[in-house]
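As provided, input_27.txt (compact mmCIF, C-alpha atoms) reads as follows.
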# COMPACT_ATOMS: atom_id res chain seq x y z
CA MET A 70 -50.68 -12.85 33.09
CA ARG A 71 -47.41 -11.14 32.24
CA ARG A 72 -46.08 -11.65 28.70
CA VAL A 73 -42.64 -13.27 28.70
CA ARG A 74 -40.69 -12.95 25.50
CA PHE A 75 -37.48 -14.81 24.72
CA GLU A 76 -34.98 -15.18 21.91
CA LYS A 77 -33.12 -18.29 20.86
CA TRP A 78 -29.56 -17.76 19.63
CA GLN A 79 -26.91 -20.16 18.42
CA ALA A 80 -23.15 -20.08 17.99
CA LEU A 81 -21.53 -22.97 16.13
CA GLY A 82 -24.62 -25.06 16.91
CA ASN A 83 -24.49 -24.28 20.66
CA ASP A 84 -27.97 -22.84 21.29
CA TYR A 85 -29.31 -20.86 24.24
CA LEU A 86 -32.57 -19.24 25.28
CA ILE A 87 -32.08 -15.61 26.28
CA LEU A 88 -34.39 -14.24 28.98
CA GLU A 89 -34.44 -10.85 30.70
CA GLU A 90 -34.88 -11.32 34.44
CA GLU A 91 -37.09 -8.26 34.93
CA ASN A 92 -39.72 -9.81 32.65
CA LEU A 93 -40.04 -13.09 34.55
CA PRO A 94 -43.03 -13.59 36.89
CA TRP A 95 -41.08 -16.09 39.00
CA GLU A 96 -37.53 -17.01 39.96
CA LEU A 97 -35.69 -19.19 37.47
CA ASN A 98 -35.19 -22.33 39.57
CA PRO A 99 -33.70 -25.70 38.43
CA LYS A 100 -37.05 -27.36 37.67
CA ARG A 101 -38.15 -24.44 35.49
CA ILE A 102 -34.80 -24.45 33.71
CA GLU A 103 -35.09 -28.16 32.92
CA TRP A 104 -38.62 -27.72 31.58
CA LEU A 105 -37.76 -24.72 29.41
CA CYS A 106 -34.72 -26.49 27.92
CA ASP A 107 -36.66 -29.68 27.17
CA PRO A 108 -37.34 -29.89 23.40
CA HIS A 109 -40.66 -31.69 23.89
CA PHE A 110 -42.30 -29.88 26.80
CA GLY A 111 -40.46 -26.54 26.62
CA VAL A 112 -38.63 -24.50 24.01
CA GLY A 113 -35.53 -26.70 23.81
CA SER A 114 -31.93 -25.51 24.12
CA ASP A 115 -28.44 -26.23 25.44
CA GLY A 116 -29.09 -23.81 28.28
CA ILE A 117 -30.45 -20.44 29.39
CA LEU A 118 -28.80 -17.02 29.42
CA LEU A 119 -30.39 -14.81 32.07
CA LEU A 120 -29.70 -11.08 31.71
CA SER A 121 -30.36 -8.43 34.32
CA ARG A 122 -29.49 -4.79 34.84
CA SER A 123 -26.33 -4.37 36.88
CA GLU A 124 -26.27 -2.22 39.99
CA ASP A 125 -22.61 -1.47 39.20
CA PRO A 126 -22.33 1.25 36.52
CA GLN A 127 -19.14 -0.26 35.12
CA PHE A 128 -21.18 -3.21 33.77
CA VAL A 129 -23.77 -3.03 31.01
CA ALA A 130 -25.47 -6.14 32.39
CA SER A 131 -25.12 -9.15 34.65
CA LEU A 132 -25.16 -12.56 32.95
CA ARG A 133 -26.03 -15.88 34.57
CA ILE A 134 -25.76 -19.12 32.60
CA PHE A 135 -27.73 -22.28 33.30
CA ASN A 136 -27.29 -25.81 31.97
CA PRO A 137 -30.30 -27.88 30.86
CA ASP A 138 -30.01 -30.07 33.97
CA GLY A 139 -30.76 -27.01 36.09
CA SER A 140 -27.21 -26.41 37.30
CA GLU A 141 -25.48 -23.05 36.94
CA ALA A 142 -22.37 -22.66 34.79
CA GLU A 143 -19.70 -20.13 35.64
CA LEU A 144 -19.07 -19.13 32.03
CA SER A 145 -19.74 -20.12 28.42
CA GLY A 146 -17.77 -18.65 25.55
CA ASN A 147 -20.51 -19.28 23.00
CA GLY A 148 -23.24 -18.19 25.40
CA ALA A 149 -21.32 -15.04 26.30
CA ARG A 150 -21.06 -14.03 22.63
CA GLU A 151 -24.78 -14.64 22.15
CA ALA A 152 -25.61 -12.50 25.20
CA ILE A 153 -23.17 -9.77 24.14
CA LEU A 154 -24.63 -9.45 20.65
CA TYR A 155 -28.18 -9.61 22.05
CA LEU A 156 -27.39 -6.71 24.41
CA ARG A 157 -26.04 -4.62 21.56
CA ARG A 158 -28.96 -5.44 19.24
CA HIS A 159 -31.54 -4.61 21.92
CA GLY A 160 -30.05 -1.26 22.83
CA TRP A 161 -28.56 -2.01 26.24
CA THR A 162 -25.43 -0.26 24.93
CA ASP A 163 -24.18 1.36 21.74
CA ALA A 164 -20.51 1.00 22.67
CA ASP A 165 -18.15 -1.26 20.72
CA GLU A 166 -16.31 -2.23 23.90
CA PHE A 167 -17.97 -2.71 27.28
CA ALA A 168 -18.03 -5.04 30.29
CA ILE A 169 -20.55 -7.50 31.68
CA SER A 170 -20.38 -9.39 34.95
CA THR A 171 -20.59 -13.17 35.26
CA VAL A 172 -20.24 -15.68 38.07
CA ALA A 173 -16.67 -16.23 36.81
CA GLY A 174 -15.90 -12.49 36.97
CA PRO A 175 -15.98 -9.61 34.49
CA ILE A 176 -15.61 -10.23 30.76
CA VAL A 177 -14.87 -7.52 28.22
CA PRO A 178 -16.14 -7.90 24.65
CA THR A 179 -15.30 -5.90 21.57
CA ILE A 180 -17.96 -5.81 18.85
CA THR A 181 -16.27 -6.50 15.50
CA GLY A 182 -19.34 -6.86 13.27
CA GLU A 183 -23.11 -7.26 13.31
CA LEU A 184 -22.78 -10.92 14.30
CA THR A 185 -19.15 -11.14 15.51
CA CYS A 186 -17.22 -10.13 18.57
CA ALA A 187 -14.01 -10.82 20.43
CA VAL A 188 -14.15 -11.53 24.15
CA GLU A 189 -11.41 -11.09 26.74
CA MET A 190 -12.09 -14.26 28.72
CA GLY A 191 -9.63 -13.54 31.51
CA LYS A 192 -6.52 -15.49 32.49
CA ALA A 193 -6.51 -19.26 32.28
CA SER A 194 -4.87 -21.29 35.02
CA THR A 195 -3.65 -24.87 35.38
CA THR A 196 -4.58 -24.90 39.06
CA SER A 197 -7.95 -24.28 40.68
CA LYS A 198 -10.37 -25.41 43.38
CA ASP A 199 -12.03 -27.57 40.73
CA PHE A 200 -9.00 -29.92 40.67
CA PRO A 201 -7.73 -29.58 44.25
CA SER A 202 -5.16 -32.39 44.06
CA ALA A 203 -3.42 -30.91 41.00
CA GLY A 204 0.22 -29.96 40.83
CA GLU A 205 1.27 -26.61 39.37
CA ASP A 206 1.23 -28.01 35.83
CA GLY A 207 -2.39 -29.19 36.11
CA LYS A 208 -1.59 -32.59 34.60
CA GLY A 209 -3.27 -35.75 35.81
CA SER A 210 -4.65 -39.15 34.91
CA LEU A 211 -7.88 -40.99 35.57
CA SER A 212 -9.79 -44.12 34.62
CA ALA A 213 -13.00 -44.00 32.60
CA GLY A 214 -14.62 -46.16 29.96
CA GLY A 215 -12.31 -49.07 30.74
CA ARG A 216 -9.02 -47.26 30.11
CA GLU A 217 -6.60 -44.69 31.50
CA TRP A 218 -6.60 -41.10 30.26
CA GLU A 219 -3.85 -38.51 30.64
CA PHE A 220 -5.35 -35.02 30.88
CA GLN A 221 -4.58 -31.34 31.24
CA HIS A 222 -6.67 -29.34 33.68
CA VAL A 223 -7.39 -25.76 32.63
CA SER A 224 -9.57 -23.29 34.51
CA ILE A 225 -11.00 -20.58 32.27
CA GLY A 226 -13.90 -19.33 34.35
CA ASN A 227 -15.05 -22.95 34.53
CA PRO A 228 -13.16 -26.27 34.76
CA GLN A 229 -11.84 -27.92 31.61
CA CYS A 230 -10.32 -31.39 31.30
CA ALA A 231 -8.46 -31.57 27.97
CA ILE A 232 -7.36 -34.98 26.66
CA VAL A 233 -5.10 -35.29 23.63
CA VAL A 234 -6.13 -38.40 21.68
CA GLY A 235 -4.62 -37.78 18.23
CA ASP A 236 -6.14 -39.70 15.33
CA GLU A 237 -8.52 -41.58 17.69
CA LEU A 238 -10.70 -38.49 17.86
CA ASP A 239 -13.40 -39.48 15.38
CA ASP A 240 -13.75 -43.01 16.74
CA LEU A 241 -14.41 -42.15 20.39
CA ASP A 242 -17.85 -42.82 21.91
CA LEU A 243 -18.19 -39.68 24.03
CA GLY A 244 -21.57 -40.77 25.36
CA ALA A 245 -19.92 -43.79 26.95
CA ILE A 246 -16.68 -42.13 28.04
CA GLY A 247 -17.74 -38.61 28.98
CA PRO A 248 -19.90 -39.16 32.08
CA GLY A 249 -17.15 -41.05 33.91
CA ILE A 250 -14.74 -38.19 33.33
CA GLU A 251 -17.20 -35.35 33.99
CA GLY A 252 -18.18 -36.83 37.36
CA ASN A 253 -14.78 -38.23 38.37
CA GLU A 254 -13.93 -37.86 42.06
CA LEU A 255 -10.91 -35.71 41.11
CA PHE A 256 -13.33 -32.92 40.18
CA PRO A 257 -15.57 -31.91 43.12
CA ASN A 258 -17.65 -29.58 40.91
CA ARG A 259 -17.61 -31.93 37.91
CA THR A 260 -15.76 -30.83 34.78
CA ASN A 261 -16.15 -30.09 31.10
CA VAL A 262 -14.20 -32.46 28.88
CA SER A 263 -12.55 -31.93 25.50
CA PHE A 264 -10.85 -34.53 23.33
CA LEU A 265 -8.16 -33.12 21.05
CA GLU A 266 -6.06 -33.69 17.98
CA ILE A 267 -3.28 -31.09 17.70
CA ASP A 268 -1.55 -30.19 14.43
CA GLY A 269 0.73 -27.18 14.84
CA SER A 270 -1.45 -24.19 15.70
CA THR A 271 -4.65 -25.95 14.64
CA VAL A 272 -6.63 -28.02 17.13
CA ARG A 273 -9.53 -30.28 16.27
CA ALA A 274 -11.78 -30.92 19.27
CA ARG A 275 -14.89 -32.76 20.38
CA ILE A 276 -16.66 -31.50 23.47
CA PHE A 277 -18.48 -33.25 26.32
CA GLU A 278 -20.02 -30.40 28.30
CA ARG A 279 -20.79 -30.57 32.00
CA GLY A 280 -24.51 -30.88 32.56
CA VAL A 281 -25.21 -31.18 28.83
CA GLY A 282 -23.35 -34.08 27.20
CA GLU A 283 -21.70 -34.00 23.79
CA THR A 284 -22.23 -30.66 22.06
CA LEU A 285 -21.35 -29.28 18.66
CA SER A 286 -19.12 -26.64 20.22
CA SER A 287 -18.08 -24.82 23.37
CA GLY A 288 -16.27 -21.50 23.63
CA THR A 289 -14.66 -22.25 26.98
CA GLY A 290 -13.94 -25.78 25.76
CA ALA A 291 -12.19 -24.30 22.74
CA SER A 292 -10.27 -21.99 25.06
CA GLY A 293 -9.15 -24.89 27.25
CA ALA A 294 -8.15 -26.88 24.17
CA ALA A 295 -6.14 -23.95 22.82
CA VAL A 296 -4.38 -23.40 26.16
CA THR A 297 -3.49 -27.11 26.22
CA ALA A 298 -2.00 -26.85 22.73
CA TYR A 299 -0.16 -23.65 23.71
CA LEU A 300 1.37 -25.38 26.73
CA ARG A 301 2.58 -28.09 24.33
CA GLY A 302 4.34 -25.56 22.11
CA ALA A 303 1.67 -24.29 19.69
CA THR A 304 1.93 -20.61 18.80
CA SER A 305 -0.88 -18.09 19.19
CA PRO A 306 -3.35 -17.48 17.61
CA ILE A 307 -4.72 -21.01 17.63
CA LEU A 308 -7.54 -22.15 15.37
CA VAL A 309 -9.91 -24.58 17.09
CA GLU A 310 -12.04 -26.69 14.78
CA LEU A 311 -15.22 -27.98 16.42
CA GLU A 312 -18.12 -30.02 15.11
CA GLY A 313 -20.13 -26.80 14.72
CA GLY A 314 -17.44 -24.58 13.19
CA GLU A 315 -14.23 -22.73 13.99
CA LEU A 316 -13.10 -20.34 16.73
CA GLU A 317 -9.90 -18.33 16.99
CA VAL A 318 -8.16 -18.21 20.35
CA GLU A 319 -5.33 -15.80 21.15
CA ILE A 320 -3.22 -16.60 24.21
CA GLY A 321 -0.79 -14.27 25.96
CA GLU A 322 2.29 -15.31 27.90
CA ASP A 323 0.33 -14.98 31.15
CA LEU A 324 -2.36 -17.28 29.65
CA ALA A 325 -4.73 -14.38 29.04
CA VAL A 326 -7.34 -15.67 26.59
CA ARG A 327 -9.11 -13.72 23.83
CA LEU A 328 -11.84 -15.65 21.99
CA THR A 329 -13.16 -14.48 18.61
CA GLY A 330 -16.23 -15.87 16.87
CA TRP A 331 -19.81 -15.31 15.77
CA ALA A 332 -23.33 -15.79 17.09
CA GLU A 333 -26.73 -15.26 15.53
CA PRO A 334 -30.41 -15.21 16.47
CA VAL A 335 -32.54 -18.19 15.45
CA TYR A 336 -35.99 -16.93 16.42
CA ALA A 337 -37.92 -14.84 18.92
CA GLY A 338 -41.05 -16.00 20.71
CA GLU A 339 -43.37 -15.63 23.66
CA LEU A 340 -44.02 -18.23 26.34
CA SER A 341 -47.68 -19.30 26.24
CA PRO A 342 -50.03 -18.65 29.19
CA GLU A 343 -50.35 -22.43 29.59
CA LEU A 344 -46.58 -22.89 29.89
CA LEU A 345 -46.21 -19.94 32.24
CA SER A 346 -48.95 -21.39 34.45
CA ALA A 347 -47.31 -24.80 34.53
CA LEU A 348 -43.91 -23.29 35.32
CA SER A 349 -45.37 -21.17 38.12
CA GLU A 350 -46.33 -24.35 39.96
CA LEU A 351 -42.77 -25.69 39.96
CA SER A 352 -40.99 -24.88 43.20
CA ASP A 353 -37.60 -26.05 44.43

Now that the file is in, can you turn its structure into structure tokens?
Amino acid sequence: MRRVRFEKWQALGNDYLILEEENLPWELNPKRIEWLCDPHFGVGSDGILLLSRSEDPQFVASLRIFNPDGSEAELSGNGAREAILYLRRHGWTDADEFAISTVAGPIVPTITGELTCAVEMGKASTTSKDFPSAGEDGKGSLSAGGREWEFQHVSIGNPQCAIVVGDELDDLDLGAIGPGIEGNELFPNRTNVSFLEIDGSTVRARIFERGVGETLSSGTGASGAAVTAYLRGATSPILVELEGGELEVEIGEDLAVRLTGWAEPVYAGELSPELLSALSELSD
């Protein structure tokens, strides 16, 4: 049976398994994703980063991102940095600046150190298909957890619902509140949720990630939080403090987002023949 190696990386406590598609003996379907991400029966992670060679020479690689519930995410800021630094470390490129393709579109990283990079995340928007009833400002309100919430919708490759809660931040039960917001009927593709406390150009945030639950950090969540603060008058760059650490977000006047942070490998391994055999039996 084919040997399938993987690496586990983390960025601010947001951990992903990295797999190269050409090494897999089967397609990575939702059931296999769930099993691999399970900490008891699989390897355990917040998701999977699947890398493949791009047919387009302008891209070093194609990146697909999967949540532990088997669904596919358009983009992940932390996951993107992990994939970018993995590609550089494993010789896919020796350039300091290059492009990779994602479901959300191209992203352009700049390597700034052995374990750091800055990523041009594209332009954020307050309107998108993920909040079809939104006005131009992307503001809205909804009910969840027995109360009303005012929110800011931001699309940054994936949907973000940012809620400014001030000094309530530490007291919120995201496990009770988050699911009702993530799956609210306003968001046909569900949404990521961030709860914020804004102090000048510093934002403290807690993240409830779509398909995952509460996480220590999220790069796109940090980006959505920073855009929300920017729209409220904060000046760029904006420092976003998450449970897992800090990220710097630069925002241009056209809401172009540049995310800077680190990522590092945790360990490398090889899927056992027993696990590969069990996974091969899982079809859609």

**Message:** When you count all atoms listed in the file, which of these residues is closest to Thr179 in chain A: A:Leu154, A:Ala80, A:Leu345, A:Ala142?
**Reply:**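 The answer is A:Leu154, which sits nearest to Thr179 in chain A.
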
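Counting from CA of Phe135 in chain A, the distance to CA of Ile169 in chain A is 16.5 Å.
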
Polymer residues at most 7 Å from (-7.4, -37.0, 18.8) by only C-alpha atoms, as a compact mmCIF listing (two decimals) with C-alpha atoms, in the coordinates of the input:
# COMPACT_ATOMS: atom_id res chain seq x y z
CA VAL A 233 -5.10 -35.29 23.63
CA VAL A 234 -6.13 -38.40 21.68
CA GLY A 235 -4.62 -37.78 18.23
CA ASP A 236 -6.14 -39.70 15.33
CA GLU A 237 -8.52 -41.58 17.69
CA LEU A 238 -10.70 -38.49 17.86
CA PHE A 264 -10.85 -34.53 23.33
CA LEU A 265 -8.16 -33.12 21.05
CA GLU A 266 -6.06 -33.69 17.98

**Request:** Give me, please, the distance in Å between CA of Glu217 in chain A and CA of Val318 in chain A, quoted to one decimal.
**Result:**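 Separation between CA of Glu217 in chain A and CA of Val318 in chain A: 28.8 Å.
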
**Request:** Compile the contact shell of Ser121 in chain A as a list in words: residues with an atom at most 9 Å away, counting all atoms listed in the file, same-chain residues fewer than 5 positions apart removed.
**Result:**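 Counting all atoms listed in the file, the residues come to Leu88, Glu89, Glu90, Glu91, Ala130, Ser131, Leu132 and Arg133 of chain A.
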
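Residues in contact range of Gly321 in chain A, defined as at most 9 Å between only C-alpha atoms, with sequence neighbours fewer than 6 positions away removed, read Lys192, Ser305 and Arg327 of chain A.
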
**Message:** Just checking: using all atoms listed in the file, which residue out of A:Ser212, A:Thr329, A:Ser287, A:Asn147 ends up closest to Glu254 in chain A?
**Reply:**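 Going through A:Ser212, A:Thr329, A:Ser287, A:Asn147 one by one, the smallest distance to Glu254 in chain A is for A:Ser212.
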
**Fill in**
Here CA of Pro228 in chain A and CA of Leu97 in chain A stand apart by 23.8 Å

**Request:** Around the point (-34.7, -13.7, 25.5) in the file's coordinates, collect all residues with an atom within 9 Å, using only C-alpha atoms, and return them as an MDAnalysis selection string.
**Result:** chainID A and resid 73:78 86:89 117:120 155 337:338

**Prompt:** Near Glu143 in chain A, counting all atoms listed in the file, which residues have an atom at most 7 Å away, once you skip same-chain residues fewer than 5 positions from it, shown as a PyMOL selection string?
**Reply:** chain A and resi 134+172-173+226-227

**Request:** Please identify all polymer residues within 10 Å of Glu283 in chain A, counting all atoms listed in the file, omitting same-chain residues fewer than 5 positions from it, and present them as an MDAnalysis selection string.
**Result:** chainID A and resid 242:244 247:248 261:263 275:278

**Asked** Within 8 Å of Gly209 in chain A, counting all atoms listed in the file, which residues qualify if same-chain residues fewer than 2 places away don't, as number ranges by chain?
**Response** A: 203, 207, 211, 219-222

**Prompt:** Pick the closest to Asp125 in chain A from A:Ser170, A:Ser352, A:Ser194, A:Asn258: which is it, counting all atoms listed in the file?
**Reply:**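 Closest candidate: A:Ser170.
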
**Asked** Using only C-alpha atoms, which of the listed residues (A:Glu319, A:Asp115, A:Glu151, A:Glu124) sits closest to Pro334 in chain A?
**Response**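 Using only C-alpha atoms, the shortest distance to Pro334 in chain A belongs to A:Glu151.
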
**Asked** Of the candidates A:Gly269, A:Pro94, A:Gly249, A:Gly302, which one gets nearest to Arg216 in chain A if we count all atoms listed in the file?
**Response**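 So, comparing all the options, the nearest one is A:Gly249.
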